[in-house]
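Q: Structure: data34.csv, CSV, C-alpha atoms.
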chain,number,residue,atom,x,y,z
A,16,MET,CA,0.0,0.0,0.0
A,17,LYS,CA,1.3,3.5,-0.9
A,18,SER,CA,2.1,5.8,2.0
A,19,LEU,CA,0.2,9.1,2.4
A,20,THR,CA,3.4,11.0,1.5
A,21,SER,CA,3.8,9.1,-1.8
A,22,ILE,CA,0.1,9.7,-2.7
A,23,LEU,CA,0.4,13.4,-2.0
A,24,PHE,CA,3.6,13.7,-3.9
A,25,ALA,CA,2.0,11.9,-6.9
A,26,GLY,CA,-0.9,14.3,-6.7
A,27,ALA,CA,1.4,17.3,-6.7
A,28,ILE,CA,3.2,16.0,-9.8
A,29,SER,CA,-0.2,15.5,-11.5
A,30,VAL,CA,-1.2,19.0,-10.7
A,31,ALA,CA,2.1,20.3,-12.1
A,32,ALA,CA,1.6,18.3,-15.3
A,33,LEU,CA,-1.9,19.6,-15.6
A,34,VAL,CA,-0.9,23.2,-15.4
A,35,ARG,CA,2.1,22.8,-17.8
A,36,GLY,CA,0.0,20.7,-20.2
A,37,HIS,CA,-2.9,23.1,-20.5
A,38,ALA,CA,-1.5,26.6,-20.3
A,39,ALA,CA,1.1,28.3,-22.5
A,40,PRO,CA,4.1,29.6,-20.6
A,41,ALA,CA,4.2,33.3,-19.7
A,42,VAL,CA,5.6,35.6,-22.4
A,43,VAL,CA,5.8,39.4,-22.1
A,44,GLY,CA,3.5,41.0,-24.5
A,45,GLN,CA,1.0,38.1,-24.5
A,46,ALA,CA,-1.9,37.1,-22.2
A,47,ALA,CA,-0.7,36.1,-18.7
A,48,PRO,CA,-1.5,32.4,-18.2
A,49,ASP,CA,-4.2,31.8,-15.6
A,50,PHE,CA,-3.6,29.7,-12.5
A,51,ALA,CA,-5.4,28.7,-9.3
A,52,LEU,CA,-3.9,28.4,-5.9
A,53,THR,CA,-5.1,28.5,-2.3
A,54,ASP,CA,-3.8,31.3,-0.2
A,55,ILE,CA,-2.5,31.0,3.4
A,56,SER,CA,-5.9,31.8,4.8
A,57,GLY,CA,-7.4,28.8,3.0
A,58,GLN,CA,-9.2,30.7,0.3
A,59,PRO,CA,-9.0,29.4,-3.3
A,60,ARG,CA,-8.1,32.2,-5.8
A,61,SER,CA,-7.2,32.4,-9.4
A,62,LEU,CA,-5.6,35.1,-11.6
A,63,ALA,CA,-8.9,35.3,-13.4
A,64,ASP,CA,-10.5,36.6,-10.2
A,65,PHE,CA,-8.7,39.9,-10.7
A,66,LYS,CA,-9.7,40.4,-14.4
A,67,GLY,CA,-9.8,44.1,-15.2
A,68,ARG,CA,-7.2,45.1,-12.6
A,69,THR,CA,-3.5,45.6,-12.7
A,70,VAL,CA,-1.7,42.6,-10.9
A,71,VAL,CA,1.8,42.2,-9.7
A,72,LEU,CA,3.2,38.7,-9.1
A,73,GLU,CA,6.1,38.5,-6.7
A,74,TRP,CA,8.1,35.3,-6.2
A,75,VAL,CA,9.3,35.3,-2.6
A,76,ASN,CA,11.4,33.3,-0.1
A,77,PRO,CA,11.4,35.0,3.3
A,78,LEU,CA,14.9,33.6,4.2
A,79,CYS,CA,16.7,34.5,1.0
A,80,PRO,CA,19.3,37.2,1.7
A,81,PHE,CA,18.1,39.3,-1.3
A,82,VAL,CA,14.5,39.2,0.0
A,83,VAL,CA,15.8,40.2,3.4
A,84,LYS,CA,17.6,43.1,1.7
A,85,HIS,CA,14.3,44.4,0.3
A,86,TYR,CA,12.2,43.6,3.4
A,87,GLU,CA,13.8,43.6,6.8
A,88,LYS,CA,16.8,45.7,6.0
A,89,SER,CA,15.2,48.4,3.9
A,90,GLY,CA,11.4,48.1,3.6
A,91,ASN,CA,11.8,48.6,-0.1
A,92,ILE,CA,9.4,46.0,-1.4
A,93,PRO,CA,6.7,46.7,1.3
A,94,GLN,CA,6.8,50.4,0.4
A,95,THR,CA,6.4,49.5,-3.3
A,96,GLN,CA,3.5,47.2,-2.4
A,97,GLN,CA,1.8,49.9,-0.3
A,98,ALA,CA,2.1,52.5,-3.1
A,99,ALA,CA,0.7,50.0,-5.6
A,100,ARG,CA,-2.2,48.9,-3.4
A,101,ALA,CA,-3.1,52.6,-2.9
A,102,ASP,CA,-3.6,52.8,-6.6
A,103,GLY,CA,-5.8,49.7,-6.7
A,104,VAL,CA,-3.2,47.2,-7.8
A,105,VAL,CA,-3.5,43.6,-6.8
A,106,TRP,CA,-0.2,42.2,-5.3
A,107,LEU,CA,0.2,38.4,-5.1
A,108,GLN,CA,3.1,36.8,-3.4
A,109,ILE,CA,4.1,33.2,-4.4
A,110,ASN,CA,6.6,30.9,-2.8
A,111,SER,CA,7.4,28.0,-5.2
A,112,GLY,CA,9.8,26.3,-2.8
A,113,HIS,CA,9.2,22.6,-2.3
A,114,PRO,CA,7.9,21.3,1.1
A,115,GLY,CA,10.7,21.8,3.7
A,116,ALA,CA,12.7,24.1,1.5
A,117,GLN,CA,14.4,27.2,2.8
A,118,GLY,CA,11.7,29.8,3.5
A,119,ASP,CA,8.8,27.3,3.1
A,120,TYR,CA,6.9,28.8,6.0
A,121,ALA,CA,3.7,27.4,7.3
A,122,PRO,CA,0.7,29.9,7.1
A,123,ALA,CA,1.1,31.2,10.7
A,124,ALA,CA,4.8,31.8,10.2
A,125,VAL,CA,4.1,33.6,6.9
A,126,ALA,CA,1.5,35.8,8.6
A,127,ALA,CA,3.9,36.7,11.3
A,128,TRP,CA,6.7,37.5,8.8
A,129,GLN,CA,4.3,39.7,6.9
A,130,GLN,CA,3.2,41.6,10.0
A,131,ARG,CA,6.8,42.1,11.1
A,132,ASN,CA,7.7,43.6,7.7
A,133,ALA,CA,4.5,45.7,7.0
A,134,VAL,CA,3.8,43.5,4.0
A,135,ALA,CA,0.9,44.9,1.9
A,136,ALA,CA,0.2,42.0,-0.4
A,137,THR,CA,-3.3,41.0,-1.4
A,138,ALA,CA,-2.5,37.3,-0.9
A,139,TYR,CA,0.3,34.9,-0.3
A,140,PHE,CA,0.4,31.4,-1.9
A,141,ARG,CA,2.5,28.3,-1.3
A,142,ASP,CA,3.1,26.8,-4.7
A,143,GLN,CA,4.9,23.8,-3.3
A,144,HIS,CA,4.6,21.6,-6.4
A,145,GLY,CA,6.2,24.5,-8.4
A,146,ALA,CA,3.7,24.4,-11.3
A,147,VAL,CA,2.9,28.1,-11.2
A,148,GLY,CA,6.5,29.1,-10.8
A,149,ARG,CA,7.5,27.0,-13.8
A,150,LEU,CA,4.6,28.3,-15.8
A,151,TYR,CA,6.0,31.9,-15.3
A,152,ASP,CA,9.6,30.7,-15.5
A,153,ALA,CA,10.2,32.3,-12.1
A,154,ARG,CA,13.9,31.9,-11.4
A,155,THR,CA,14.8,33.9,-8.4
A,156,THR,CA,13.5,35.4,-5.2
A,157,PRO,CA,12.5,38.1,-5.8
A,158,HIS,CA,11.2,37.8,-9.4
A,159,LEU,CA,8.4,40.1,-10.3
A,160,TYR,CA,5.8,40.3,-13.1
A,161,VAL,CA,3.3,43.0,-13.9
A,162,ILE,CA,0.0,42.2,-15.7
A,163,ASP,CA,-2.2,45.0,-17.1
A,164,PRO,CA,-6.0,45.2,-16.7
A,165,ALA,CA,-6.4,43.6,-20.1
A,166,GLY,CA,-4.6,40.5,-18.8
A,167,ILE,CA,-1.4,41.1,-20.8
A,168,LEU,CA,2.0,40.5,-19.2
A,169,VAL,CA,3.8,43.8,-19.5
A,170,TYR,CA,6.9,43.4,-17.3
A,171,ALA,CA,9.0,40.5,-16.0
A,172,GLY,CA,12.3,40.8,-14.1
A,173,GLY,CA,13.9,42.2,-11.1
A,174,ILE,CA,12.5,44.7,-8.6
A,175,ASP,CA,15.2,47.2,-9.8
A,176,ASP,CA,18.2,47.5,-12.2
A,177,ILE,CA,21.1,47.0,-9.8
A,178,ARG,CA,21.8,43.3,-9.2
A,179,SER,CA,23.2,43.5,-5.7
A,180,SER,CA,22.6,42.3,-2.2
A,181,LYS,CA,23.7,45.6,-0.7
A,182,VAL,CA,21.0,47.8,0.8
A,183,ALA,CA,23.0,50.9,-0.1
A,184,ASP,CA,22.5,50.2,-3.8
A,185,ILE,CA,18.7,50.7,-3.5
A,186,ALA,CA,18.9,54.4,-3.4
A,187,GLN,CA,20.8,54.5,-6.7
A,188,ALA,CA,18.6,51.9,-8.4
A,189,SER,CA,15.6,52.4,-10.6
A,190,ASN,CA,12.6,50.6,-9.3
A,191,LEU,CA,11.4,48.9,-12.5
A,192,VAL,CA,8.1,47.7,-11.0
A,193,ASN,CA,7.2,51.2,-9.9
A,194,ALA,CA,8.2,52.4,-13.4
A,195,ALA,CA,5.9,49.8,-15.1
A,196,LEU,CA,3.0,50.7,-12.8
A,197,THR,CA,3.5,54.4,-13.4
A,198,ASP,CA,3.5,53.8,-17.2
A,199,LEU,CA,0.2,51.8,-16.9
A,200,LYS,CA,-1.4,54.5,-14.7
A,201,ALA,CA,-0.5,57.2,-17.2
A,202,GLY,CA,-2.0,55.1,-20.0
A,203,ARG,CA,1.2,54.6,-21.9
A,204,ALA,CA,3.2,51.5,-23.0
A,205,VAL,CA,5.5,50.1,-20.4
A,206,ARG,CA,9.0,51.3,-21.5
A,207,THR,CA,11.1,48.6,-19.7
A,208,ARG,CA,9.4,45.3,-20.4
A,209,ASN,CA,12.1,42.9,-19.3
A,210,SER,CA,15.1,42.9,-17.0
A,211,PRO,CA,17.3,40.2,-15.6
A,212,PRO,CA,15.9,38.9,-12.3
A,213,TYR,CA,18.4,38.6,-9.4
A,214,GLY,CA,18.4,36.9,-6.0
A,215,CYS,CA,18.3,33.3,-4.7
A,216,SER,CA,17.3,30.5,-6.9
A,217,VAL,CA,13.7,29.4,-6.5
A,218,LYS,CA,13.8,26.2,-4.5
A,219,TYR,CA,11.9,23.9,-6.8
A,220,ALA,CA,11.4,20.2,-5.9
A,221,ASP,CA,13.6,19.0,-8.8
What do you get writing this file as structure tokens?
A:
Amino acid sequence: MKSLTSILFAGAISVAALVRGHAAPAVVGQAAPDFALTDISGQPRSLADFKGRTVVLEWVNPLCPFVVKHYEKSGNIPQTQQAARADGVVWLQINSGHPGAQGDYAPAAVAAWQQRNAVAATAYFRDQHGAVGRLYDARTTPHLYVIDPAGILVYAGGIDDIRSSKVADIAQASNLVNAALTDLKAGRAVRTRNSPPYGCSVKYAD
């Protein structure tokens, strides 16, 4: 008889295959692929739930030093979230680390981390099978994506343009997510559509 662990693992692989098999991968300039996950409060949500609104997807690992740079050490990403949410933007955090991976916090630990860091995200998801991360080719934490109200992926890349773990570099960097959101708010095309993401590798299961 199969163990519960092996059954659950097989189910996760099946879900990952289902997502990869039925949705085209994310490409800037094309429709952002839909996905469905359950947030840490237990509420099922899908990208389609936010149709007609600007959405930011942020891949995150609370223990990654680059994430720590932009959260605990500077407040840079929480401030970006707060400004975006004030403009009606939906901000979704996704952790695609496998079960037991670095930063794969249980829901209560996620909520405590969010509270400590004044996180202003709309929702936080544990994508432990990695299907959504692979669908978006999320490579690092952080790795960010901006989707316009028409559902088109208009930006993918780093939070800014200085690939560094040093807090002092934030002041000299251009926040590319802010820039993309500003362009959308002004009704113009996003000028920087892609940038190299930087940070820790996403802790996929394989």
Q: Considering all atoms listed in the file, can you say which of A:Gly172, A:Ala194, A:Tyr160, A:Ser189 comes closest to Asn209 of chain A?
A: A:Gly172
Q: With all atoms listed in the file as the atoms that count, which of A:Arg131, A:Lys84, A:His144, A:Arg60 lies nearest to Ser180 of chain A?
A: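 The answer is A:Lys84, which sits nearest to Ser180 of chain A.
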Q: Of the candidates A:Ala136, A:Leu196, A:Ile174, A:Ile185, which shows the shortest atom-to-atom distance to Pro93 of chain A, using all atoms listed in the file?
A: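 Going through A:Ala136, A:Leu196, A:Ile174, A:Ile185 one by one, the smallest distance to Pro93 of chain A is for A:Ala136.
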Q: Just want the 9 Å neighbourhood of Gln117 of chain A, counted on all atoms listed in the file, with same-chain residues fewer than 6 positions away dropped. Output as number ranges by chain.
A: A: 76-79, 218
Q: Atom CA of Ser216 of chain A and atom CA of Val42 of chain A are how many Å apart?
A: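 The value is 20.1 Å.
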Q: Please determine the residues with any atom at most 6 Å from (17.1, 50.3, -7.3) (coordinates as given in the file, with only C-alpha atoms counting) and report them as a list in words.
A: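 It turns out the residues near that spot are Asp175, Asp176, Ile177, Ile185, Ala186, Gln187, Ala188, Ser189 and Asn190 of chain A.
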Q: What does the structure give for the distance between atom CA of Thr137 of chain A and atom CA of Trp106 of chain A, in Å to one decimal?
A: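 Computed distance, atom CA of Thr137 of chain A to atom CA of Trp106 of chain A, equals 5.1 Å.
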Q: Atom CA of Ala201 of chain A to atom CA of Ala135 of chain A: how many Å, to one decimal?
A: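 Atom-to-atom, atom CA of Ala201 of chain A to atom CA of Ala135 of chain A, that is 22.8 Å.
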Q: List as a list in words: which residues have an atom within 9 Å of (3.9, 30.4, -4.9), counting all atoms listed in the file?
A: Leu52, Glu73, Trp74, Val75, Leu107, Gln108, Ile109, Asn110, Ser111, Gly112, Tyr139, Phe140, Arg141, Asp142, Gln143, His144, Gly145, Ala146, Val147 and Gly148 of chain A
Q: Nearest residue to Pro122 of chain A out of A:Gly103, A:Pro164, A:Gly173, A:Gly57, using only C-alpha atoms?
A: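 Using only C-alpha atoms, Pro122 of chain A sits closest to A:Gly57.
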Q: For Val125 of chain A, which residue among A:Ser56, A:Thr95, A:Ser61, A:Thr156 is the nearest when counting only C-alpha atoms?
A: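 Closest candidate: A:Ser56.
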Q: What's the 9 Å shell around Ala99 of chain A, counting all atoms listed in the file, without same-chain residues fewer than 5 positions away, as number ranges by chain?
A: A: 71, 94, 104-106, 193, 196
Q: Each side padded by 3 Å, which centre and which edge lengths in Å (one decimal) define the axis-aligned box around the listed atoms of segment 164-178 of chain A? Give them as AutoDock Vina command-line options.
A:
--center_x 7.7 --center_y 44.0 --center_z -14.7 --size_x 34.2 --size_y 13.0 --size_z 18.2
Q: Pick the closest to Gly44 of chain A from A:Gly115, A:Gly166, A:Pro211, A:Pro157: which is it, counting only C-alpha atoms?
A: A:Gly166
Q: Would you mind listing what lies within 7 Å of Val169 of chain A as a VMD selection string, with only C-alpha atoms counted and same-chain residues fewer than 5 positions away left out?
A: chain A and resid 43 to 44 161 to 163 205 208
Q: Save the residues we just selected, C-alpha atoms, as a PDB file, in the frame of the given file?
A:
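Resulting contents of part_36.pdb:
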ATOM      1  CA  VAL A  43       5.800  39.400 -22.100  1.00  0.00           C
ATOM      2  CA  GLY A  44       3.500  41.000 -24.500  1.00  0.00           C
ATOM      3  CA  VAL A 161       3.300  43.000 -13.900  1.00  0.00           C
ATOM      4  CA  ILE A 162       0.000  42.200 -15.700  1.00  0.00           C
ATOM      5  CA  ASP A 163      -2.200  45.000 -17.100  1.00  0.00           C
ATOM      6  CA  VAL A 205       5.500  50.100 -20.400  1.00  0.00           C
ATOM      7  CA  ARG A 208       9.400  45.300 -20.400  1.00  0.00           C
TER       8      ARG A 208
END
Q: Using all atoms listed in the file, which protein or nucleic acid residues come within 7 Å of Ala195 of chain A? Drop anything in the same chain fewer than 3 positions from it, and give the result as a compact mmCIF listing (two decimals) with C-alpha atoms, in the coordinates of the input.
A:
# COMPACT_ATOMS: atom_id res chain seq x y z
CA TYR A 170 6.90 43.40 -17.30
CA LEU A 191 11.40 48.90 -12.50
CA VAL A 192 8.10 47.70 -11.00
CA ASP A 198 3.50 53.80 -17.20
CA LEU A 199 0.20 51.80 -16.90
CA VAL A 205 5.50 50.10 -20.40
